[in-house]
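Below is my_file-v1.tsv, which holds TSV, C-alpha atoms.
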chain	number	residue	atom	x	y	z
A	114	MET	CA	3.90	-24.96	10.27
A	115	GLU	CA	5.87	-21.91	11.40
A	116	ILE	CA	4.88	-20.00	8.24
A	117	TRP	CA	1.22	-20.88	8.79
A	118	VAL	CA	1.30	-19.66	12.39
A	119	THR	CA	3.01	-16.43	11.33
A	120	ASP	CA	0.44	-15.82	8.59
A	121	ARG	CA	-2.43	-16.57	10.96
A	122	ILE	CA	-1.11	-13.99	13.43
A	123	ARG	CA	-0.69	-11.41	10.65
A	124	VAL	CA	-4.27	-11.96	9.47
A	125	MET	CA	-5.64	-11.66	13.01
A	126	LEU	CA	-3.68	-8.46	13.64
A	127	LEU	CA	-4.83	-7.03	10.33
A	128	LEU	CA	-8.48	-7.76	11.07
A	129	VAL	CA	-8.20	-6.24	14.54
A	130	ALA	CA	-6.35	-3.23	13.12
A	131	CYS	CA	-9.19	-2.57	10.67
A	132	ALA	CA	-11.42	-1.72	13.62
A	133	LEU	CA	-9.40	1.35	14.67
A	134	PRO	CA	-9.46	3.37	11.42
A	135	SER	CA	-13.04	2.24	10.77
A	136	SER	CA	-14.05	3.63	14.17
A	137	LEU	CA	-12.16	6.86	13.55
A	138	GLU	CA	-13.98	7.24	10.23
A	139	LEU	CA	-17.25	7.34	12.16
A	140	LEU	CA	-15.99	9.73	14.83
A	141	ILE	CA	-13.89	12.22	12.84
A	142	PRO	CA	-14.60	11.76	9.11
A	143	LEU	CA	-12.77	13.93	6.58
A	144	PHE	CA	-15.77	13.96	4.23
A	145	ARG	CA	-19.38	12.80	4.41
A	146	TYR	CA	-20.19	9.66	2.46
A	147	ARG	CA	-22.82	9.64	-0.23
A	148	ALA	CA	-25.73	7.26	0.09
A	149	GLY	CA	-24.92	3.64	-0.75
A	150	ARG	CA	-21.51	3.41	0.89
A	151	ILE	CA	-21.92	-0.27	1.85
A	152	ARG	CA	-22.87	-1.23	-1.70
A	153	ARG	CA	-19.87	0.64	-3.10
A	154	ALA	CA	-17.55	-1.02	-0.57
A	155	VAL	CA	-18.38	-4.56	-1.71
A	156	PRO	CA	-15.98	-4.57	-4.73
A	157	ASN	CA	-13.22	-3.19	-2.51
A	158	LEU	CA	-13.74	-5.93	0.07
A	159	LEU	CA	-13.73	-8.64	-2.61
A	160	LEU	CA	-10.49	-7.34	-4.09
A	161	SER	CA	-9.02	-7.02	-0.59
A	162	ALA	CA	-9.83	-10.67	0.07
A	163	GLY	CA	-7.95	-11.52	-3.13
A	164	VAL	CA	-4.92	-9.53	-1.95
A	165	LEU	CA	-4.98	-11.29	1.41
A	166	ILE	CA	-5.21	-14.76	-0.12
A	167	GLY	CA	-2.55	-13.95	-2.70
A	168	ASN	CA	-0.12	-12.72	-0.07
A	169	LEU	CA	-0.69	-15.80	2.08
A	170	VAL	CA	0.09	-18.03	-0.89
A	171	LEU	CA	3.18	-16.03	-1.82
A	172	ALA	CA	4.43	-16.11	1.79
A	173	SER	CA	5.79	-19.61	1.21
A	174	VAL	CA	7.78	-18.34	-1.77
A	175	THR	CA	9.09	-15.46	0.33
A	176	ALA	CA	10.12	-17.82	3.12
A	177	ALA	CA	11.96	-20.10	0.71
A	178	LEU	CA	13.72	-17.16	-0.93
A	179	CYS	CA	14.76	-15.72	2.44
A	180	ALA	CA	16.11	-19.10	3.51
A	181	ILE	CA	18.30	-19.30	0.41
A	182	VAL	CA	19.45	-15.69	0.77
A	183	THR	CA	20.47	-16.06	4.41
A	184	ARG	CA	22.06	-19.48	3.90
A	185	TRP	CA	24.33	-18.21	1.14
A	186	HIS	CA	24.79	-14.69	2.59
A	187	PHE	CA	23.48	-12.85	-0.46
A	188	GLY	CA	22.96	-9.10	-0.56
A	189	LEU	CA	24.44	-5.97	0.93
A	190	LEU	CA	23.73	-7.01	4.51
A	191	GLY	CA	24.27	-10.74	4.09
A	192	ARG	CA	27.80	-10.79	5.51
A	193	ALA	CA	27.60	-7.69	7.69
A	194	HIS	CA	26.96	-9.55	10.99
A	195	LEU	CA	24.71	-6.76	12.22
A	196	ALA	CA	22.82	-6.66	15.48
A	197	SER	CA	19.17	-7.65	15.08
A	198	TRP	CA	17.92	-4.10	15.63
A	199	ALA	CA	20.30	-2.70	12.98
A	200	LEU	CA	19.31	-5.41	10.51
A	201	LEU	CA	15.66	-4.64	11.15
A	202	VAL	CA	16.04	-0.88	10.66
A	203	LEU	CA	18.12	-1.18	7.49
A	204	GLY	CA	16.00	-4.01	6.14
A	205	VAL	CA	12.73	-2.17	6.65
A	206	MET	CA	14.16	0.97	5.06
A	207	GLY	CA	15.46	-1.07	2.12
A	208	LEU	CA	12.16	-2.82	1.49
A	209	ASP	CA	10.33	0.48	1.79
A	210	PHE	CA	12.59	1.99	-0.86
A	211	PHE	CA	11.76	-0.85	-3.25
A	212	ALA	CA	8.06	-0.36	-2.48
A	213	TYR	CA	8.49	3.29	-3.50
A	214	VAL	CA	10.19	2.28	-6.75
A	215	ALA	CA	7.48	-0.30	-7.47
A	216	HIS	CA	4.80	2.35	-6.96
A	217	VAL	CA	6.47	4.92	-9.19
A	218	LEU	CA	6.81	2.35	-11.99
A	219	LEU	CA	3.12	1.46	-11.69
A	220	HIS	CA	2.41	5.07	-12.63
A	221	LYS	CA	5.12	5.58	-15.24
A	222	VAL	CA	4.96	2.27	-17.17
A	223	PRO	CA	1.77	2.05	-19.28
A	224	LEU	CA	1.21	-1.64	-18.53
A	225	GLY	CA	1.68	-1.02	-14.82
A	226	TRP	CA	-0.81	1.84	-14.88
A	227	ARG	CA	-3.47	-0.36	-16.49
A	228	PHE	CA	-3.38	-2.52	-13.36
A	229	HIS	CA	-2.83	0.27	-10.84
A	230	ARG	CA	-5.70	2.45	-12.05
A	231	VAL	CA	-8.04	-0.13	-10.48
A	232	HIS	CA	-6.86	1.28	-7.15
A	233	HIS	CA	-7.03	4.91	-8.24
A	234	SER	CA	-10.50	4.71	-9.78
A	235	GLU	CA	-12.05	4.72	-6.29
A	236	PRO	CA	-14.29	7.84	-6.06
A	237	GLU	CA	-14.46	7.82	-2.23
A	238	VAL	CA	-11.18	6.91	-0.53
A	239	ASP	CA	-11.60	5.19	2.83
A	240	VAL	CA	-10.23	2.25	4.79
A	241	THR	CA	-11.74	-0.23	2.30
A	242	THR	CA	-9.63	1.35	-0.46
A	243	ALA	CA	-6.39	0.22	1.18
A	244	PHE	CA	-6.33	-3.19	-0.51
A	245	ARG	CA	-8.48	-2.42	-3.54
A	246	GLN	CA	-5.79	-3.90	-5.73
A	247	HIS	CA	-5.71	-6.00	-8.88
A	248	PRO	CA	-3.89	-9.37	-8.57
A	249	GLY	CA	-1.54	-8.21	-11.32
A	250	GLU	CA	-0.42	-5.33	-9.13
A	251	THR	CA	-0.06	-7.67	-6.15
A	252	LEU	CA	2.27	-9.86	-8.19
A	253	TRP	CA	4.32	-6.86	-9.34
A	254	ARG	CA	4.76	-5.56	-5.81
A	255	PHE	CA	5.73	-9.05	-4.66
A	256	MET	CA	8.42	-9.33	-7.33
A	257	MET	CA	9.89	-5.96	-6.33
A	258	GLN	CA	9.83	-7.07	-2.71
A	259	CYS	CA	11.82	-10.16	-3.74
A	260	VAL	CA	14.38	-7.92	-5.42
A	261	GLY	CA	14.72	-6.04	-2.14
A	262	ILE	CA	15.11	-9.24	-0.13
A	263	VAL	CA	17.87	-10.53	-2.40
A	264	GLY	CA	19.53	-7.14	-2.81
A	265	PHE	CA	19.80	-6.55	0.93
A	266	GLY	CA	20.07	-10.19	2.01
A	267	LEU	CA	17.14	-10.17	4.44
A	268	PRO	CA	15.80	-12.97	6.66
A	269	PHE	CA	12.13	-13.92	6.67
A	270	TRP	CA	11.37	-12.26	10.01
A	271	VAL	CA	12.42	-8.84	8.70
A	272	SER	CA	10.23	-9.26	5.63
A	273	THR	CA	7.28	-10.34	7.76
A	274	LEU	CA	7.59	-7.40	10.14
A	275	TYR	CA	7.89	-4.96	7.24
A	276	LEU	CA	4.78	-6.32	5.52
A	277	SER	CA	2.82	-6.19	8.77
A	278	VAL	CA	3.72	-2.54	9.39
A	279	SER	CA	3.10	-1.72	5.73
A	280	SER	CA	-0.38	-3.26	5.86
A	281	LEU	CA	-1.31	-1.42	9.04
A	282	ASN	CA	-0.10	1.90	7.65
A	283	ALA	CA	-2.02	1.29	4.41
A	284	LEU	CA	-5.24	1.04	6.42
A	285	LEU	CA	-4.48	4.25	8.28
A	286	GLU	CA	-3.35	6.38	5.33
A	287	HIS	CA	-6.47	5.49	3.29
A	288	ALA	CA	-8.89	5.98	6.18
A	289	ASN	CA	-11.44	8.76	5.82
A	290	VAL	CA	-10.26	10.57	8.94
A	291	ARG	CA	-9.72	14.23	9.71
A	292	VAL	CA	-6.20	14.94	10.99
A	293	ALA	CA	-5.25	18.25	12.59
A	294	ALA	CA	-2.93	20.21	10.30
A	295	ARG	CA	-0.26	20.72	12.97
A	296	ILE	CA	-0.15	17.01	13.86
A	297	ASP	CA	-0.07	16.04	10.21
A	298	THR	CA	2.78	18.47	9.47
A	299	TRP	CA	4.98	16.96	12.16
A	300	LEU	CA	4.12	13.33	11.45
A	301	ARG	CA	4.79	13.52	7.72
A	302	TRP	CA	8.42	14.43	8.33
A	303	VAL	CA	8.78	10.74	9.18
A	304	MET	CA	5.81	8.77	7.88
A	305	VAL	CA	3.13	8.90	5.23
A	306	THR	CA	0.03	10.40	6.84
A	307	PRO	CA	-3.60	10.14	5.69
A	308	ASN	CA	-3.50	13.73	4.42
A	309	MET	CA	-0.28	13.16	2.51
A	310	HIS	CA	-1.55	10.03	0.82
A	311	LYS	CA	-4.98	11.50	0.03
A	312	ILE	CA	-3.22	13.95	-2.29
A	313	HIS	CA	-1.93	10.96	-4.26
A	314	HIS	CA	-5.57	9.91	-4.87
A	315	SER	CA	-6.52	13.28	-6.32
A	316	ARG	CA	-8.22	13.36	-9.71
A	317	VAL	CA	-5.69	16.05	-10.75
A	318	ALA	CA	-2.89	14.22	-12.59
A	319	LEU	CA	-0.12	16.46	-11.23
A	320	GLN	CA	-1.14	15.57	-7.69
A	321	THR	CA	-1.70	11.89	-8.49
A	322	ASP	CA	1.87	11.67	-9.79
A	323	SER	CA	3.33	12.57	-6.39
A	324	ASN	CA	3.50	11.28	-2.80
A	325	TYR	CA	4.37	7.71	-3.79
A	326	SER	CA	6.00	6.72	-0.50
A	327	ASN	CA	4.73	3.69	1.38
A	328	ILE	CA	5.68	4.02	5.07
A	329	PHE	CA	8.46	6.60	5.24
A	330	SER	CA	7.88	9.96	3.57
A	331	LEU	CA	11.57	10.66	2.98
A	332	TRP	CA	11.61	8.96	-0.45
A	333	ASP	CA	9.28	11.59	-1.92
A	334	ARG	CA	11.37	14.38	-0.44
A	335	LEU	CA	14.60	12.77	-1.60
A	336	PHE	CA	13.48	12.17	-5.18
A	337	ASP	CA	11.45	15.38	-5.58
A	338	THR	CA	8.03	13.70	-5.87
A	339	TYR	CA	6.56	15.38	-2.79
A	340	THR	CA	3.43	17.54	-2.89
A	341	LYS	CA	2.53	19.47	0.24
A	342	HIS	CA	0.22	22.44	-0.24
A	343	VAL	CA	-3.20	20.95	-1.01
A	344	ASN	CA	-6.50	21.38	0.81
A	345	VAL	CA	-7.38	17.72	1.37
A	346	GLY	CA	-10.93	18.64	2.35
A	347	GLN	CA	-11.57	19.80	-1.22
A	348	LEU	CA	-9.90	16.96	-3.10
A	349	ARG	CA	-11.83	15.09	-5.79
A	350	TYR	CA	-10.87	11.43	-5.82
A	351	GLY	CA	-10.99	8.90	-8.63
A	352	LEU	CA	-10.29	8.92	-12.35
A	353	ASP	CA	-12.25	10.49	-15.20
A	354	GLY	CA	-14.22	7.87	-17.10
A	355	PHE	CA	-14.62	5.49	-14.15
A	356	ASP	CA	-17.51	7.09	-12.26
A	357	GLU	CA	-20.29	5.00	-13.80
A	358	SER	CA	-21.57	2.20	-11.55
A	359	PRO	CA	-20.99	-0.59	-14.13
A	360	LYS	CA	-17.25	0.24	-14.12
A	361	GLN	CA	-17.07	-0.02	-10.33
A	362	THR	CA	-18.18	-3.65	-10.00
A	363	ALA	CA	-15.66	-6.29	-8.92
A	364	ALA	CA	-15.92	-8.03	-12.30
A	365	ALA	CA	-15.32	-4.79	-14.22
A	366	LEU	CA	-12.32	-3.89	-12.06
A	367	MET	CA	-10.78	-7.34	-12.58
A	368	ALA	CA	-11.22	-6.97	-16.34
A	369	GLU	CA	-10.06	-3.33	-16.45
A	370	PRO	CA	-6.34	-3.94	-17.27
A	371	PHE	CA	-7.36	-5.99	-20.31
A	372	ARG	CA	-9.95	-3.56	-21.64
A	373	SER	CA	-9.05	-1.93	-24.94
A	374	THR	CA	-8.87	1.84	-24.62

Taking this structure as input, can you express it in the form of structure tokens?
Amino acid sequence: MEIWVTDRIRVMLLLVACALPSSLELLIPLFRYRAGRIRRAVPNLLLSAGVLIGNLVLASVTAALCAIVTRWHFGLLGRAHLASWALLVLGVMGLDFFAYVAHVLLHKVPLGWRFHRVHHSEPEVDVTTAFRQHPGETLWRFMMQCVGIVGFGLPFWVSTLYLSVSSLNALLEHANVRVAARIDTWLRWVMVTPNMHKIHHSRVALQTDSNYSNIFSLWDRLFDTYTKHVNVGQLRYGLDGFDESPKQTAAALMAEPFRST
């Protein structure tokens, strides 16, 4: 019952949070949409629904794992007896590091890229792109999250808060919004901004293979995967060979990882 209530609150917050970046896209768009935006958004929304349902199902597994971890004091923080705020800060940072590693591997491992290119094949990045994700990628990210939970010995409430913040930031960083350069420069010292993440969606491979961070930008700076000097207003999104409409349907995107190339 407690898990269900927590998940219901997360879903409600996520739906409410979608309204803010969607409104900003109308008020201060980074680029003008081509005709047919609603039709193109349908596959994204269908895949997003799959991500949402998948995460709700996997929440029970996460809760059970966290219960075992905390009961037996597994992980680096399991026996540290930290204050709640310290556990939260270190736990969120730890899970964010594993999210960074999971993302890098999705690009570097050929099998991972077959699933992750579903996300990168989006030719117009906006708020609907945030959860345009194949179930195979969802499962991979979940497994890496579990490694982080066990490795750091985290309780369920820390995991839940991290995933909530991560989801909200995903909506913001994919939103088609124009951010003042000065504000963006200061913000990205701490967090991943829309401009910083847009570079990761560039059609240029060198730019795509950078800016992997999820919430905190420090991982890219620390591991030398940070790209800064790019005019985001002139970026071309997507992947070569995926621009045709038949390859952008929900069915085609679901089948993409298994297509022989």

I'd like the contact shell of range 212-218 of chain A - 12 Å cut-off, only C-alpha atoms, skipping same-chain residues fewer than 5 positions apart - returned as a PDB file with C-alpha atoms, keeping the file's coordinate frame.
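Final file, around_18.pdb:
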ATOM      1  CA  VAL A 205      12.730  -2.170   6.650  1.00  0.00           C
ATOM      2  CA  MET A 206      14.160   0.970   5.060  1.00  0.00           C
ATOM      3  CA  GLY A 207      15.460  -1.070   2.120  1.00  0.00           C
ATOM      4  CA  PRO A 223       1.770   2.050 -19.280  1.00  0.00           C
ATOM      5  CA  LEU A 224       1.210  -1.640 -18.530  1.00  0.00           C
ATOM      6  CA  GLY A 225       1.680  -1.020 -14.820  1.00  0.00           C
ATOM      7  CA  TRP A 226      -0.810   1.840 -14.880  1.00  0.00           C
ATOM      8  CA  ARG A 227      -3.470  -0.360 -16.490  1.00  0.00           C
ATOM      9  CA  PHE A 228      -3.380  -2.520 -13.360  1.00  0.00           C
ATOM     10  CA  HIS A 229      -2.830   0.270 -10.840  1.00  0.00           C
ATOM     11  CA  ARG A 230      -5.700   2.450 -12.050  1.00  0.00           C
ATOM     12  CA  HIS A 232      -6.860   1.280  -7.150  1.00  0.00           C
ATOM     13  CA  GLU A 250      -0.420  -5.330  -9.130  1.00  0.00           C
ATOM     14  CA  THR A 251      -0.060  -7.670  -6.150  1.00  0.00           C
ATOM     15  CA  LEU A 252       2.270  -9.860  -8.190  1.00  0.00           C
ATOM     16  CA  TRP A 253       4.320  -6.860  -9.340  1.00  0.00           C
ATOM     17  CA  ARG A 254       4.760  -5.560  -5.810  1.00  0.00           C
ATOM     18  CA  PHE A 255       5.730  -9.050  -4.660  1.00  0.00           C
ATOM     19  CA  MET A 256       8.420  -9.330  -7.330  1.00  0.00           C
ATOM     20  CA  MET A 257       9.890  -5.960  -6.330  1.00  0.00           C
ATOM     21  CA  GLN A 258       9.830  -7.070  -2.710  1.00  0.00           C
ATOM     22  CA  CYS A 259      11.820 -10.160  -3.740  1.00  0.00           C
ATOM     23  CA  VAL A 260      14.380  -7.920  -5.420  1.00  0.00           C
ATOM     24  CA  GLY A 261      14.720  -6.040  -2.140  1.00  0.00           C
ATOM     25  CA  ILE A 262      15.110  -9.240  -0.130  1.00  0.00           C
ATOM     26  CA  TYR A 275       7.890  -4.960   7.240  1.00  0.00           C
ATOM     27  CA  LEU A 276       4.780  -6.320   5.520  1.00  0.00           C
ATOM     28  CA  SER A 279       3.100  -1.720   5.730  1.00  0.00           C
ATOM     29  CA  VAL A 305       3.130   8.900   5.230  1.00  0.00           C
ATOM     30  CA  HIS A 313      -1.930  10.960  -4.260  1.00  0.00           C
ATOM     31  CA  THR A 321      -1.700  11.890  -8.490  1.00  0.00           C
ATOM     32  CA  ASP A 322       1.870  11.670  -9.790  1.00  0.00           C
ATOM     33  CA  SER A 323       3.330  12.570  -6.390  1.00  0.00           C
ATOM     34  CA  ASN A 324       3.500  11.280  -2.800  1.00  0.00           C
ATOM     35  CA  TYR A 325       4.370   7.710  -3.790  1.00  0.00           C
ATOM     36  CA  SER A 326       6.000   6.720  -0.500  1.00  0.00           C
ATOM     37  CA  ASN A 327       4.730   3.690   1.380  1.00  0.00           C
ATOM     38  CA  ILE A 328       5.680   4.020   5.070  1.00  0.00           C
ATOM     39  CA  PHE A 329       8.460   6.600   5.240  1.00  0.00           C
ATOM     40  CA  SER A 330       7.880   9.960   3.570  1.00  0.00           C
ATOM     41  CA  LEU A 331      11.570  10.660   2.980  1.00  0.00           C
ATOM     42  CA  TRP A 332      11.610   8.960  -0.450  1.00  0.00           C
ATOM     43  CA  ASP A 333       9.280  11.590  -1.920  1.00  0.00           C
ATOM     44  CA  ARG A 334      11.370  14.380  -0.440  1.00  0.00           C
ATOM     45  CA  LEU A 335      14.600  12.770  -1.600  1.00  0.00           C
ATOM     46  CA  PHE A 336      13.480  12.170  -5.180  1.00  0.00           C
ATOM     47  CA  THR A 338       8.030  13.700  -5.870  1.00  0.00           C
TER      48      THR A 338
END

Residue contacts of range 185-198 of chain A (8 Å, all atoms listed in the file) excluding same-chain residues fewer than 2 positions away, as a CSV table (one decimal) with C-alpha atoms, keeping the file's coordinate frame:
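After the write, out00.csv holds the following:
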chain,number,residue,atom,x,y,z
A,181,ILE,CA,18.3,-19.3,0.4
A,182,VAL,CA,19.4,-15.7,0.8
A,183,THR,CA,20.5,-16.1,4.4
A,200,LEU,CA,19.3,-5.4,10.5
A,201,LEU,CA,15.7,-4.6,11.2
A,202,VAL,CA,16.0,-0.9,10.7
A,262,ILE,CA,15.1,-9.2,-0.1
A,263,VAL,CA,17.9,-10.5,-2.4
A,264,GLY,CA,19.5,-7.1,-2.8
A,265,PHE,CA,19.8,-6.6,0.9
A,266,GLY,CA,20.1,-10.2,2.0
A,267,LEU,CA,17.1,-10.2,4.4

Go through range 155-252 of chain A residue by residue and, counting only C-alpha atoms, keep those with an atom at most 9 Å from range 286-295 of chain A; for each kept residue give the shortest atom pair and its distance in Å to one decimal, ordered by chain and increasing number, as a Markdown table.
| residue | atom | partner | partner_atom | distance |
| --- | --- | --- | --- | --- |
| A:Glu237 | CA | A:Asn289 | CA | 8.6 |
| A:Val238 | CA | A:His287 | CA | 6.2 |
| A:Asp239 | CA | A:Ala288 | CA | 4.4 |
| A:Val240 | CA | A:Ala288 | CA | 4.2 |
| A:Thr241 | CA | A:His287 | CA | 7.8 |
| A:Thr242 | CA | A:His287 | CA | 6.4 |
| A:Ala243 | CA | A:His287 | CA | 5.7 |

Fill in: For Leu159 in chain A, the nearest of the candidates A:Met367, A:Leu352, A:Pro359, A:Ser234, counting only C-alpha atoms
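Looking at the shortest contact to Leu159 in chain A, the residue is A:Met367.
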
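One finds CA of Leu284 in chain A at 19.3 Å from CA of Phe210 in chain A.
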